[in-house]
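All remarks here apply to the structure that follows.
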Amino acid sequence: MVIISKTVLVEFGNEHSDAIDALNKWYEVSKQANWNNLSEIKKSVNNVDYVGNDRYVFNIKGNKYRLVVMIFFNIRTVFIRFVGTHAEYDKIDCSKI
């Protein structure tokens, strides 16, 4: 998959160093993937939920952090929309972000 906005992950990792390894692992798995649906995502990254409007939420580092992405399967593209703590995630409407 093509990942858009990796800078968001890097900046978040600079502020939350304990998340760097988990974010890098997610990035590498996602970059190598060729997903076509949620079922295929769950085979490689089990901690994901579909929240509507092309948005998927990944639990990062044991659910301490959340990553919201838009996935466009037809063009193999993942667009990072949000990365934050679980508390920050609770304050957003991830189906619209």
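Chain identifiers are assigned as A, B, and so on, following the order in which chains appear in the structure tokens; residues are numbered from 1 within each chain, and ligands are numbered from 1 in order of appearance.
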Practice problem: DSSP on the backbone, then: every residue of chain A marked alpha helix (DSSP H), written as a ChimeraX atom specification. | Solution: /A:6-15,20-32,38-44,86-89
Keeping only C-alpha atoms, take the residues you just selected and write them out as a PDB file, in the first residue's frame.
ATOM      1  CA  LYS A   6       4.199   9.425   7.254  1.00  0.00           C
ATOM      2  CA  THR A   7       5.390  12.755   8.666  1.00  0.00           C
ATOM      3  CA  VAL A   8       2.442  12.619  11.072  1.00  0.00           C
ATOM      4  CA  LEU A   9       3.811   9.358  12.501  1.00  0.00           C
ATOM      5  CA  VAL A  10       7.344  10.728  12.778  1.00  0.00           C
ATOM      6  CA  GLU A  11       6.179  13.873  14.579  1.00  0.00           C
ATOM      7  CA  PHE A  12       4.019  11.852  16.963  1.00  0.00           C
ATOM      8  CA  GLY A  13       6.929   9.503  17.646  1.00  0.00           C
ATOM      9  CA  ASN A  14       9.129  12.474  18.474  1.00  0.00           C
ATOM     10  CA  GLU A  15       6.652  13.457  21.194  1.00  0.00           C
ATOM     11  CA  ILE A  20       8.031   4.683  17.770  1.00  0.00           C
ATOM     12  CA  ASP A  21       8.594   0.928  17.468  1.00  0.00           C
ATOM     13  CA  ALA A  22       4.879   0.133  17.249  1.00  0.00           C
ATOM     14  CA  LEU A  23       4.266   2.871  14.670  1.00  0.00           C
ATOM     15  CA  ASN A  24       7.244   1.741  12.590  1.00  0.00           C
ATOM     16  CA  LYS A  25       5.994  -1.836  12.683  1.00  0.00           C
ATOM     17  CA  TRP A  26       2.504  -0.719  11.579  1.00  0.00           C
ATOM     18  CA  TYR A  27       4.062   1.354   8.781  1.00  0.00           C
ATOM     19  CA  GLU A  28       6.218  -1.492   7.461  1.00  0.00           C
ATOM     20  CA  VAL A  29       3.396  -4.062   7.566  1.00  0.00           C
ATOM     21  CA  SER A  30       1.010  -1.628   5.862  1.00  0.00           C
ATOM     22  CA  LYS A  31       3.513  -0.593   3.212  1.00  0.00           C
ATOM     23  CA  GLN A  32       4.110  -4.226   2.207  1.00  0.00           C
ATOM     24  CA  LEU A  38     -11.133  -5.461   6.335  1.00  0.00           C
ATOM     25  CA  SER A  39     -10.749  -9.223   6.512  1.00  0.00           C
ATOM     26  CA  GLU A  40      -7.390  -9.027   4.760  1.00  0.00           C
ATOM     27  CA  ILE A  41      -6.233  -6.217   7.066  1.00  0.00           C
ATOM     28  CA  LYS A  42      -7.099  -8.321  10.110  1.00  0.00           C
ATOM     29  CA  LYS A  43      -4.947 -11.169   8.798  1.00  0.00           C
ATOM     30  CA  SER A  44      -1.843  -8.984   8.997  1.00  0.00           C
ATOM     31  CA  HIS A  86      -6.624   7.035  23.582  1.00  0.00           C
ATOM     32  CA  ALA A  87      -7.922  10.092  25.493  1.00  0.00           C
ATOM     33  CA  GLU A  88      -7.351  12.352  22.455  1.00  0.00           C
ATOM     34  CA  TYR A  89      -9.085   9.806  20.239  1.00  0.00           C
TER      35      TYR A  89
END
Practice problem: Name all residues at most 10 Å from Arg66 (chain A) (count only C-alpha atoms; drop same-chain ones fewer than 2 positions away) and give them as a ChimeraX atom specification. | Solution: /A:48,57-64,68-69,82-90
Restricting the output to C-alpha atoms, write the selected residues as a PDB file, in the first residue's frame.
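Saved file out.pdb follows:
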ATOM      1  CA  VAL A  48      -8.193  -2.800  13.582  1.00  0.00           C
ATOM      2  CA  VAL A  57      -8.833   2.622  13.529  1.00  0.00           C
ATOM      3  CA  PHE A  58      -5.714   0.747  14.580  1.00  0.00           C
ATOM      4  CA  ASN A  59      -4.784   0.204  18.216  1.00  0.00           C
ATOM      5  CA  ILE A  60      -1.122   1.008  18.671  1.00  0.00           C
ATOM      6  CA  LYS A  61       1.047  -0.205  21.534  1.00  0.00           C
ATOM      7  CA  GLY A  62      -1.580  -2.215  23.336  1.00  0.00           C
ATOM      8  CA  ASN A  63      -4.350   0.333  22.768  1.00  0.00           C
ATOM      9  CA  LYS A  64      -2.388   3.148  24.429  1.00  0.00           C
ATOM     10  CA  VAL A  68      -7.067   6.604  12.204  1.00  0.00           C
ATOM     11  CA  VAL A  69      -6.535   6.148   8.491  1.00  0.00           C
ATOM     12  CA  PHE A  82      -5.022  11.050  13.070  1.00  0.00           C
ATOM     13  CA  VAL A  83      -2.614   9.585  15.572  1.00  0.00           C
ATOM     14  CA  GLY A  84      -2.981  10.274  19.264  1.00  0.00           C
ATOM     15  CA  THR A  85      -3.514   8.965  22.732  1.00  0.00           C
ATOM     16  CA  HIS A  86      -6.624   7.035  23.582  1.00  0.00           C
ATOM     17  CA  ALA A  87      -7.922  10.092  25.493  1.00  0.00           C
ATOM     18  CA  GLU A  88      -7.351  12.352  22.455  1.00  0.00           C
ATOM     19  CA  TYR A  89      -9.085   9.806  20.239  1.00  0.00           C
ATOM     20  CA  ASP A  90     -12.148   9.868  22.502  1.00  0.00           C
TER      21      ASP A  90
END
Quiz prompt | Which residue of A:Asn34, A:Asn53, A:Val45, A:Ile4 approaches Arg81 (chain A) most closely, using only C-alpha atoms | solution =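 For Arg81 (chain A), the nearest of the given residues is A:Ile4.
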